Amino acid sequence: MLFGGAGSRFSFGVFLKPVTEEFDWSRGSLAGALALAGLATGGLRPVAGLLADRYDPKIVAASGLLIGGIALLVMSRVENLWHVYILFVIMGVGFTLASPGAVAKIVSAWFTKRRALAMSVAGTGSAVGETALVPIAALSVAYIGWREGYLILGAILIVIILPLVLLLLKSRPSLGQHADGYIEGQESDSTGFSDNSANPNVGMSLGQACRTGIFWRLTVGFFI
């Protein structure tokens, strides 16, 4: 999920030169679309987290991948600069829904003792996606064309990654399953967890988190 989202999002630089040359647009005008998408992503990230909390995070993330993939496919047909701006905002919305916020919700439901390790492993998807998909986009642009490059990226998201997410990803342990913090044979409560520290549904509220220093240090760091 993070592989596809990050790899597609960071491929923008590959398309900058051929698109501006074909339409005689300035680089600044095209880069403005990316800036607008970045603002949309930043503003909507809390909304994506709220949706992942309230609804099934797998469905939220899968919807984001679908939206982003469709936007990539349609990018292959653009003819006007305003088309690019609209599609980049839509793309930003999609990749925000499939952001690490949804991943964190899923990982925290499955891992307690090894949650940090699990988050680290999941987070490598972004870096690997950038490493793999940007060169694929570059080769597509160089040997086929930039329109075909967008088609290939969109197809990777919708045809390969989205079905894998729907088939293999589970938002939370189902009946008879448990997170890794559960100790077999230990006395548990009605939720099936041995204590609250192993229950991914027990944690701080937003208000409680806002009263801690680490929350604001993380917030400032990510904001920068």
# chains A, B, ... in the order shown; residues from 1 in each chain; ligands from 1
$ residues_around --residues "A:Val14" --least-positions-apart "6" --cutoff "8 Å" --atoms "only C-alpha atoms" --output "VMD selection string"
chain A and resid 134 137 to 138 141
$ select_by_dssp --residues "stretch 27-172 of chain A" --states "alpha helix (DSSP H)" --output "ChimeraX atom specification"
/A:27-54,57-75,81-97,100-110,115-143,146-155,162-168
$ closest_atom_pairs --of "stretch 2-41 of chain A" --to "stretch 58-80 of chain A" --cutoff "10 Å" --atoms "only C-alpha atoms" --output "Markdown table"
| residue | atom | partner | partner_atom | distance |
| --- | --- | --- | --- | --- |
| A:Leu2 | CA | A:Leu65 | CA | 9.5 |
| A:Gly4 | CA | A:Leu65 | CA | 8.0 |
| A:Gly5 | CA | A:Leu65 | CA | 7.1 |
| A:Ser8 | CA | A:Leu72 | CA | 8.4 |
| A:Arg9 | CA | A:Gly68 | CA | 9.1 |
| A:Val19 | CA | A:Val78 | CA | 9.9 |
| A:Glu22 | CA | A:Glu79 | CA | 9.9 |
| A:Phe23 | CA | A:Glu79 | CA | 8.0 |
| A:Trp25 | CA | A:Asn80 | CA | 9.7 |
$ write_last_selection --atoms "C-alpha atoms" --output "mmCIF file, in the first residue's frame"
data_model
loop_
_atom_site.group_PDB
_atom_site.id
_atom_site.type_symbol
_atom_site.label_atom_id
_atom_site.label_comp_id
_atom_site.auth_asym_id
_atom_site.auth_seq_id
_atom_site.Cartn_x
_atom_site.Cartn_y
_atom_site.Cartn_z
ATOM 1 C CA LEU A 2 2.738 2.460 0.980
ATOM 2 C CA GLY A 4 2.375 2.180 -4.478
ATOM 3 C CA GLY A 5 1.378 5.478 -2.926
ATOM 4 C CA SER A 8 3.672 7.168 -7.574
ATOM 5 C CA ARG A 9 3.671 10.418 -5.621
ATOM 6 C CA VAL A 19 5.137 17.551 -19.987
ATOM 7 C CA GLU A 22 5.014 19.269 -24.969
ATOM 8 C CA PHE A 23 2.620 21.972 -23.808
ATOM 9 C CA TRP A 25 4.183 25.376 -19.898
#
$ closest_residue --among "A:Val93, A:Ile214, A:Val159, A:Leu34" --to "A:Ser11" --atoms "only C-alpha atoms"
A:Leu34
$ closest_residue --among "A:Thr112, A:Ser29, A:Thr131, A:Ser120" --to "A:Phe10" --atoms "only C-alpha atoms"
A:Thr131
$ closest_residue --among "A:Leu133, A:Ile86, A:Ala116, A:Ala31" --to "A:Gly13" --atoms "only C-alpha atoms"
A:Ala31
$ residues_around --residues "stretch 95-111 of chain A" --least-positions-apart "4" --cutoff "7 Å" --atoms "only C-alpha atoms" --output "PyMOL selection string"
chain A and resi 1-2+5+41+44-45+48-49+52+57+60-62+64-65+68+91+115+118-119+171-173+179-181+200
$ atom_distance --atom1 "atom CA of A:Thr219" --atom2 "atom CA of A:Phe88"
25.1 Å
$ closest_residue --among "A:Phe3, A:Trp82, A:Tyr150, A:Tyr55" --to "A:Glu130" --atoms "only C-alpha atoms"
A:Phe3
$ closest_residue --among "A:Gly123, A:Leu87, A:Arg217, A:Gly94" --to "A:Leu157" --atoms "only C-alpha atoms"
A:Gly94
